[in-house]
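Each remark here refers to the structure printed beneath this line.
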Amino acid sequence: MEFDDQSLERFRLRLRFKVRHHLGPFCPDNDDIVQETLTRCVIALRDNKIHKLESLGAFLSGVCNNVILEYQRRLWRQAPAEQAPTPSVAPEADLLELREAVADALKQLSGRDCEVLRAFFLQEKDKDEICRSLGLSDNQFRVTLFRAKERFRKIYLQGVKHSASGEH
Amino acid sequence: MRFHEDPLLREKLFRDYLLRRLAPETADAFESHYVVCDECFEEVRATRLLMTGLAQTKVDRRRLEDVVVIEFTTPVQLVRQSNEGRELLEGVLEQKDTKVLIDLSRVSRIDSAGLGLLMMCYSHAVRNRGMLKLLNPSSPVQDLLRLTRVDSVLEAFYDERQALKSFEVP
């Protein structure tokens, strides 16, 4: 079993997401950690250490956890106790590119859609509480939430495509 | 763990994962899953963008009965150079509700441009046979409202319930 280029890029994207989630988007070594994870996994695959395809996700994620832990230990050993690792000052490039598209997408959603999304994702309210405060039935809430999220996704993807085509 | 069974539970899982509210073993299982699941990865990524976008929005809208309360999520200054004023105006203009209460408790300073924006919001509401009132203006904002006599047009309240009740009066 081997990774082709396409799957390698697919896993790179997902591992980058995971590493950013653990170390924050501004950690300067995120890409190195992803690369190290992929290298270890490619070697393990080459050496036939992964026997079941269905355990690939757990394997990749587990190796990534180890690499993250090793990185954190190295930082703690190197840095004086009172000094936190210096984050990179440059914000995540893809977030910057997407920020405008995301803001535009949110502006294009209806007030009710935004209200539901904000209550659920930002204010962490539960379904019953949102239904009560907005006068929605269980079904209406579900429809509104999924439709709003889907609309958001479509609009921001259009925005991203639009800005990408404008750049080139 | 089955991640595709209940769509609402899945959305909750995305939210709690991104907010780091999941138990370590659940977070671990979910990470192992999205590394290989196209659908969940795209969804969790979209959720992150959505949550980032929502958190960056400086104007929040909530509905209390038939009144829309518009408030700032962070301390702001409604002055000529600020973007928050534009966002507030857009928030008022784009919605169809005609009973609007603007919470000014997080507005620390306002200038003539900010007052102009409030008056534009007011005109929009009146044009649509609606009402626009203010809630909790800070002391400097209140002073300027009084000085410019805008307070004679834009009614201000210091209690949300009282403000909401005032919309009921014909």
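Just remember, in the structure tokens the first chain shown is A, the second B, etc., residues are 1-based per chain, and ligands are 1-based in the order shown.
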
Please, which residues in chain B fall within 6 Å of chain A when counting only C-alpha atoms, and what is the closest atom pair and distance in Å to one decimal for each, ordered by chain then residue number, as a Markdown table?
| residue | atom | partner | partner_atom | distance |
| --- | --- | --- | --- | --- |
| B:Ser32 | CA | A:Ala58 | CA | 4.4 |
| B:His33 | CA | A:Gly57 | CA | 5.9 |
| B:Val35 | CA | A:Arg14 | CA | 5.4 |
| B:Val36 | CA | A:Gly57 | CA | 5.4 |
| B:Gly53 | CA | A:Val102 | CA | 5.8 |

Task: Those of region 10-153 of chain B in DSSP alpha helix (DSSP H), formatted as number ranges by chain - done: B: 10-18, 24-34, 38-56, 83-93, 112-127, 139-147

TODO: Grab the CA of Tyr122 (chain B) to CA of Asp113 (chain A) distance for me, in Å with one decimal place.
DONE: 24.2 Å

- [ ] Have a look at CA of Leu117 (chain B) and CA of Arg80 (chain B) and let me know their distance in Å, one decimal.
- [x]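 Separation of CA of Leu117 (chain B) and CA of Arg80 (chain B): 9.7 Å.
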
- [ ] Mind giving me the straight-line distance from CA of Leu145 (chain B) to CA of Leu115 (chain B) in Å, one decimal?
- [x]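 Distance reported for this atom pair: 8.0 Å.
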
- [ ] For Arg61 (chain B), please output as a list in words all residues within 7 Å (counting only C-alpha atoms; exclusion window: fewer than 4 positions along the same chain).
- [x]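 The residues that qualify are Glu115 of chain A; Val68, Val69, Ile70 and Glu71 of chain B.
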
Can those selected residues be exported to a file as a PDB file, in the first residue's frame so that it contains C-alpha atoms?
ATOM      1  CA  GLU A 115     -29.550  34.669  14.424  1.00  0.00           C
TER       2      GLU A 115
ATOM      3  CA  VAL B  68     -35.077  43.583  16.787  1.00  0.00           C
ATOM      4  CA  VAL B  69     -32.333  44.545  19.207  1.00  0.00           C
ATOM      5  CA  ILE B  70     -29.094  45.569  17.503  1.00  0.00           C
ATOM      6  CA  GLU B  71     -25.989  45.709  19.640  1.00  0.00           C
TER       7      GLU B  71
END

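Of the listed residues (A:Leu109, A:Val63, A:Leu23, A:Ile155), A:Val63 comes nearest to Val42 (chain A); the distances count only C-alpha atoms.
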
Task: Exercise: Arg86 (chain B) partners within 12 Å, only C-alpha atoms, chain neighbours under 3 positions left out, as an NGL selection string - done: :B and (58-59 or 77-83 or 89-94 or 113-114 or 116-118 or 120-121)

- [ ] Within region 15-124 of chain B, find each residue whose DSSP state, derived from the backbone, is strand (DSSP E), and express the selection as number ranges by chain.
- [x] B: 59-64, 67-72, 76-78, 99-103, 107-110
